[in-house]
>>> print(open('protein.pdb').read())   # PDB, C-alpha atoms, pLDDT in the B column
ATOM      1  CA  MET A   1     -40.728 -23.810  98.786  1.00 95.00           C
ATOM      2  CA  VAL A   2     -40.861 -21.635  95.682  1.00 96.00           C
ATOM      3  CA  THR A   3     -38.055 -21.363  93.144  1.00 96.00           C
ATOM      4  CA  LEU A   4     -37.552 -17.897  91.700  1.00 97.00           C
ATOM      5  CA  TYR A   5     -35.586 -17.846  88.454  1.00 96.00           C
ATOM      6  CA  GLY A   6     -33.796 -14.625  87.647  1.00 95.00           C
ATOM      7  CA  ILE A   7     -30.732 -12.428  87.634  1.00 93.00           C
ATOM      8  CA  PRO A   8     -29.421 -11.270  91.031  1.00 94.00           C
ATOM      9  CA  ASN A   9     -28.993  -7.607  90.076  1.00 94.00           C
ATOM     10  CA  CYS A  10     -32.514  -7.308  88.610  1.00 93.00           C
ATOM     11  CA  ASP A  11     -34.657  -4.943  90.686  1.00 94.00           C
ATOM     12  CA  THR A  12     -37.861  -6.737  89.697  1.00 93.00           C
ATOM     13  CA  CYS A  13     -36.440 -10.093  90.804  1.00 95.00           C
ATOM     14  CA  ARG A  14     -35.393  -8.633  94.155  1.00 96.00           C
ATOM     15  CA  LYS A  15     -38.839  -7.068  94.666  1.00 97.00           C
ATOM     16  CA  ALA A  16     -40.512 -10.363  93.795  1.00 97.00           C
ATOM     17  CA  GLN A  17     -38.334 -12.258  96.253  1.00 97.00           C
ATOM     18  CA  LYS A  18     -39.066  -9.766  99.042  1.00 97.00           C
ATOM     19  CA  ALA A  19     -42.800  -9.901  98.321  1.00 98.00           C
ATOM     20  CA  LEU A  20     -42.848 -13.706  98.353  1.00 98.00           C
ATOM     21  CA  GLU A  21     -40.887 -13.839 101.592  1.00 98.00           C
ATOM     22  CA  ALA A  22     -43.171 -11.205 103.161  1.00 98.00           C
ATOM     23  CA  ALA A  23     -46.133 -13.400 102.215  1.00 98.00           C
ATOM     24  CA  GLY A  24     -44.573 -16.280 104.144  1.00 97.00           C
ATOM     25  CA  TRP A  25     -43.038 -18.270 101.290  1.00 98.00           C
ATOM     26  CA  GLU A  26     -39.626 -19.880 101.523  1.00 98.00           C
ATOM     27  CA  VAL A  27     -37.798 -18.755  98.371  1.00 98.00           C
ATOM     28  CA  ARG A  28     -34.935 -20.480  96.597  1.00 97.00           C
ATOM     29  CA  PHE A  29     -33.349 -18.045  94.125  1.00 97.00           C
ATOM     30  CA  ARG A  30     -31.833 -19.598  91.010  1.00 97.00           C
ATOM     31  CA  ASP A  31     -29.415 -17.360  89.149  1.00 97.00           C
ATOM     32  CA  ILE A  32     -30.026 -18.301  85.515  1.00 95.00           C
ATOM     33  CA  ARG A  33     -26.631 -16.975  84.453  1.00 95.00           C
ATOM     34  CA  ALA A  34     -24.696 -19.042  86.986  1.00 97.00           C
ATOM     35  CA  GLU A  35     -27.014 -22.053  86.640  1.00 96.00           C
ATOM     36  CA  PRO A  36     -28.492 -21.954  83.105  1.00 96.00           C
ATOM     37  CA  LEU A  37     -31.799 -23.563  82.286  1.00 95.00           C
ATOM     38  CA  GLY A  38     -31.750 -27.051  80.810  1.00 96.00           C
ATOM     39  CA  GLU A  39     -33.971 -28.657  78.185  1.00 95.00           C
ATOM     40  CA  ASN A  40     -36.347 -30.016  80.839  1.00 96.00           C
ATOM     41  CA  ASP A  41     -36.695 -26.562  82.393  1.00 95.00           C
ATOM     42  CA  TRP A  42     -37.520 -24.962  79.035  1.00 92.00           C
ATOM     43  CA  ALA A  43     -39.990 -27.718  78.149  1.00 95.00           C
ATOM     44  CA  GLY A  44     -41.769 -27.333  81.489  1.00 95.00           C
ATOM     45  CA  PHE A  45     -42.003 -23.554  81.157  1.00 94.00           C
ATOM     46  CA  ALA A  46     -43.190 -23.772  77.547  1.00 93.00           C
ATOM     47  CA  GLY A  47     -45.890 -26.247  78.562  1.00 95.00           C
ATOM     48  CA  ALA A  48     -47.037 -24.087  81.466  1.00 95.00           C
ATOM     49  CA  PHE A  49     -46.903 -20.647  79.851  1.00 94.00           C
ATOM     50  CA  GLY A  50     -47.080 -21.277  76.085  1.00 93.00           C
ATOM     51  CA  PRO A  51     -46.563 -18.169  73.917  1.00 89.00           C
ATOM     52  CA  ALA A  52     -46.608 -15.885  76.976  1.00 91.00           C
ATOM     53  CA  LEU A  53     -43.154 -17.234  77.888  1.00 89.00           C
ATOM     54  CA  LEU A  54     -41.597 -15.025  75.209  1.00 88.00           C
ATOM     55  CA  ASN A  55     -41.604 -11.276  75.902  1.00 89.00           C
ATOM     56  CA  ARG A  56     -42.472  -9.795  72.529  1.00 90.00           C
ATOM     57  CA  ARG A  57     -42.628  -6.259  73.943  1.00 90.00           C
ATOM     58  CA  SER A  58     -38.960  -6.131  74.939  1.00 91.00           C
ATOM     59  CA  THR A  59     -36.297  -3.999  73.305  1.00 91.00           C
ATOM     60  CA  THR A  60     -34.342  -7.158  72.508  1.00 91.00           C
ATOM     61  CA  TRP A  61     -37.296  -8.671  70.626  1.00 92.00           C
ATOM     62  CA  ARG A  62     -37.835  -5.513  68.599  1.00 93.00           C
ATOM     63  CA  THR A  63     -34.195  -5.496  67.462  1.00 95.00           C
ATOM     64  CA  LEU A  64     -34.337  -9.073  66.120  1.00 95.00           C
ATOM     65  CA  SER A  65     -34.658  -9.672  62.393  1.00 95.00           C
ATOM     66  CA  GLU A  66     -37.740 -11.411  60.986  1.00 94.00           C
ATOM     67  CA  ALA A  67     -35.646 -14.557  60.431  1.00 95.00           C
ATOM     68  CA  GLU A  68     -34.543 -14.577  64.085  1.00 93.00           C
ATOM     69  CA  ARG A  69     -38.112 -14.039  65.283  1.00 91.00           C
ATOM     70  CA  ALA A  70     -39.310 -16.972  63.176  1.00 90.00           C
ATOM     71  CA  GLN A  71     -36.933 -19.444  64.864  1.00 87.00           C
ATOM     72  CA  SER A  72     -38.278 -21.820  67.471  1.00 75.00           C
TER
END
>>> encode(input="protein.pdb", output="structure tokens")
Amino acid sequence: MVTLYGIPNCDTCRKAQKALEAAGWEVRFRDIRAEPLGENDWAGFAGAFGPALLNRRSTTWRTLSEAERAQS
């Protein structure tokens, strides 16, 4: 079983779920708004993905101040 973390109304998340299911995977969808990530989740993701975990190309990132970007 694969856990897909996302937002239910996100087109990319829906496409990913359909693609995984079409490839034969059993998918458990975890709505991160309804079931927020805990410290252990964040630590595991940070260890697995490192700096790539943070999307620095997003509109949200570009609107942050330098002080906000410098926070951990």
>>> resolve_selection(input="protein.pdb", expression="the PyMOL selection byres ((chain A and resi 33) around 12)", output="list in words")
Tyr5, Gly6, Ile7, Pro8, Asn9, Phe29, Arg30, Asp31, Ile32, Ala34, Glu35, Pro36, Leu37 and Gly38 of chain A
>>> write_last_selection(input="protein.pdb", atoms="C-alpha atoms", output="mmCIF file, in the coordinates of the input")
data_model
loop_
_atom_site.group_PDB
_atom_site.id
_atom_site.type_symbol
_atom_site.label_atom_id
_atom_site.label_comp_id
_atom_site.auth_asym_id
_atom_site.auth_seq_id
_atom_site.Cartn_x
_atom_site.Cartn_y
_atom_site.Cartn_z
ATOM 1 C CA TYR A 5 -35.586 -17.846 88.454
ATOM 2 C CA GLY A 6 -33.796 -14.625 87.647
ATOM 3 C CA ILE A 7 -30.732 -12.428 87.634
ATOM 4 C CA PRO A 8 -29.421 -11.270 91.031
ATOM 5 C CA ASN A 9 -28.993 -7.607 90.076
ATOM 6 C CA PHE A 29 -33.349 -18.045 94.125
ATOM 7 C CA ARG A 30 -31.833 -19.598 91.010
ATOM 8 C CA ASP A 31 -29.415 -17.360 89.149
ATOM 9 C CA ILE A 32 -30.026 -18.301 85.515
ATOM 10 C CA ALA A 34 -24.696 -19.042 86.986
ATOM 11 C CA GLU A 35 -27.014 -22.053 86.640
ATOM 12 C CA PRO A 36 -28.492 -21.954 83.105
ATOM 13 C CA LEU A 37 -31.799 -23.563 82.286
ATOM 14 C CA GLY A 38 -31.750 -27.051 80.810
#
>>> residues_around(input="protein.pdb", residues="Met1 in chain A", least_positions_apart="6", cutoff="8 Å", atoms="only C-alpha atoms", output="PyMOL selection string")
chain A and resi 25-28
>>> closest_residue(input="protein.pdb", among="A:Gln71, A:Thr63, A:Lys15, A:Glu21", to="Val2 in chain A", atoms="only C-alpha atoms")
A:Glu21
>>> atom_distance(input="protein.pdb", atom1="CA of Arg69 in chain A", atom2="CA of Asn55 in chain A")
11.5 Å
>>> atom_distance(input="protein.pdb", atom1="CA of Leu20 in chain A", atom2="CA of Thr3 in chain A")
10.4 Å
>>> atom_distance(input="protein.pdb", atom1="CA of Trp42 in chain A", atom2="CA of Lys18 in chain A")
25.2 Å
>>> decode(input="protein.pdb", residues="chain A", atoms="C-alpha atoms", output="JSON list (two decimals), in the first residue's frame")
[["chain", "number", "residue", "atom", "x", "y", "z"],
["A", 1, "MET", "CA", 0.00, 0.00, 0.00],
["A", 2, "VAL", "CA", 1.13, 3.52, -0.84],
["A", 3, "THR", "CA", 0.12, 6.61, 1.11],
["A", 4, "LEU", "CA", -0.48, 9.70, -1.00],
["A", 5, "TYR", "CA", -0.39, 12.95, 0.95],
["A", 6, "GLY", "CA", -2.29, 15.84, -0.55],
["A", 7, "ILE", "CA", -5.36, 18.01, -0.86],
["A", 8, "PRO", "CA", -8.51, 16.36, -2.26],
["A", 9, "ASN", "CA", -9.36, 19.14, -4.73],
["A", 10, "CYS", "CA", -5.83, 19.26, -6.20],
["A", 11, "ASP", "CA", -5.82, 18.11, -9.83],
["A", 12, "THR", "CA", -2.23, 16.89, -9.60],
["A", 13, "CYS", "CA", -3.04, 14.78, -6.53],
["A", 14, "ARG", "CA", -6.03, 13.23, -8.30],
["A", 15, "LYS", "CA", -3.94, 12.46, -11.40],
["A", 16, "ALA", "CA", -1.24, 10.90, -9.24],
["A", 17, "GLN", "CA", -3.76, 8.72, -7.44],
["A", 18, "LYS", "CA", -5.31, 7.55, -10.72],
["A", 19, "ALA", "CA", -1.88, 6.79, -12.18],
["A", 20, "LEU", "CA", -0.82, 4.80, -9.11],
["A", 21, "GLU", "CA", -4.05, 2.84, -9.10],
["A", 22, "ALA", "CA", -3.75, 2.17, -12.85],
["A", 23, "ALA", "CA", -0.26, 0.80, -12.19],
["A", 24, "GLY", "CA", -1.74, -1.67, -9.71],
["A", 25, "TRP", "CA", -0.95, 0.08, -6.43],
["A", 26, "GLU", "CA", -3.39, 0.22, -3.55],
["A", 27, "VAL", "CA", -3.53, 3.90, -2.57],
["A", 28, "ARG", "CA", -4.45, 5.39, 0.79],
["A", 29, "PHE", "CA", -5.10, 9.12, 0.37],
["A", 30, "ARG", "CA", -4.28, 11.30, 3.36],
["A", 31, "ASP", "CA", -5.87, 14.73, 3.31],
["A", 32, "ILE", "CA", -3.23, 16.91, 4.95],
["A", 33, "ARG", "CA", -5.78, 19.58, 5.85],
["A", 34, "ALA", "CA", -8.10, 17.17, 7.65],
["A", 35, "GLU", "CA", -5.22, 15.12, 9.10],
["A", 36, "PRO", "CA", -2.21, 17.47, 9.44],
["A", 37, "LEU", "CA", 1.33, 16.17, 9.42],
["A", 38, "GLY", "CA", 3.01, 15.57, 12.76],
["A", 39, "GLU", "CA", 6.61, 16.07, 13.84],
["A", 40, "ASN", "CA", 7.52, 12.48, 12.95],
["A", 41, "ASP", "CA", 6.05, 12.90, 9.46],
["A", 42, "TRP", "CA", 8.03, 16.09, 8.84],
["A", 43, "ALA", "CA", 11.24, 14.55, 10.18],
["A", 44, "GLY", "CA", 10.83, 11.51, 7.93],
["A", 45, "PHE", "CA", 10.16, 13.63, 4.85],
["A", 46, "ALA", "CA", 13.06, 15.97, 5.62],
["A", 47, "GLY", "CA", 15.39, 12.99, 6.00],
["A", 48, "ALA", "CA", 14.21, 11.41, 2.76],
["A", 49, "PHE", "CA", 14.01, 14.49, 0.54],
["A", 50, "GLY", "CA", 16.29, 17.09, 2.18],
["A", 51, "PRO", "CA", 16.16, 20.57, 0.59],
["A", 52, "ALA", "CA", 13.97, 19.30, -2.27],
["A", 53, "LEU", "CA", 11.07, 19.06, 0.20],
["A", 54, "LEU", "CA", 10.61, 22.83, 0.01],
["A", 55, "ASN", "CA", 9.23, 24.20, -3.27],
["A", 56, "ARG", "CA", 11.29, 27.33, -3.81],
["A", 57, "ARG", "CA", 9.72, 27.97, -7.22],
["A", 58, "SER", "CA", 6.20, 28.49, -5.87],
["A", 59, "THR", "CA", 4.32, 31.77, -5.80],
["A", 60, "THR", "CA", 4.01, 31.44, -2.02],
["A", 61, "TRP", "CA", 7.79, 31.15, -1.61],
["A", 62, "ARG", "CA", 8.43, 34.19, -3.79],
["A", 63, "THR", "CA", 6.07, 36.33, -1.68],
["A", 64, "LEU", "CA", 7.87, 35.51, 1.60],
["A", 65, "SER", "CA", 10.23, 38.04, 3.13],
["A", 66, "GLU", "CA", 13.93, 37.22, 3.51],
["A", 67, "ALA", "CA", 13.39, 36.75, 7.26],
["A", 68, "GLU", "CA", 10.59, 34.23, 6.63],
["A", 69, "ARG", "CA", 12.71, 32.35, 4.09],
["A", 70, "ALA", "CA", 15.57, 32.11, 6.58],
["A", 71, "GLN", "CA", 13.45, 30.31, 9.19],
["A", 72, "SER", "CA", 13.82, 26.58, 9.64]]
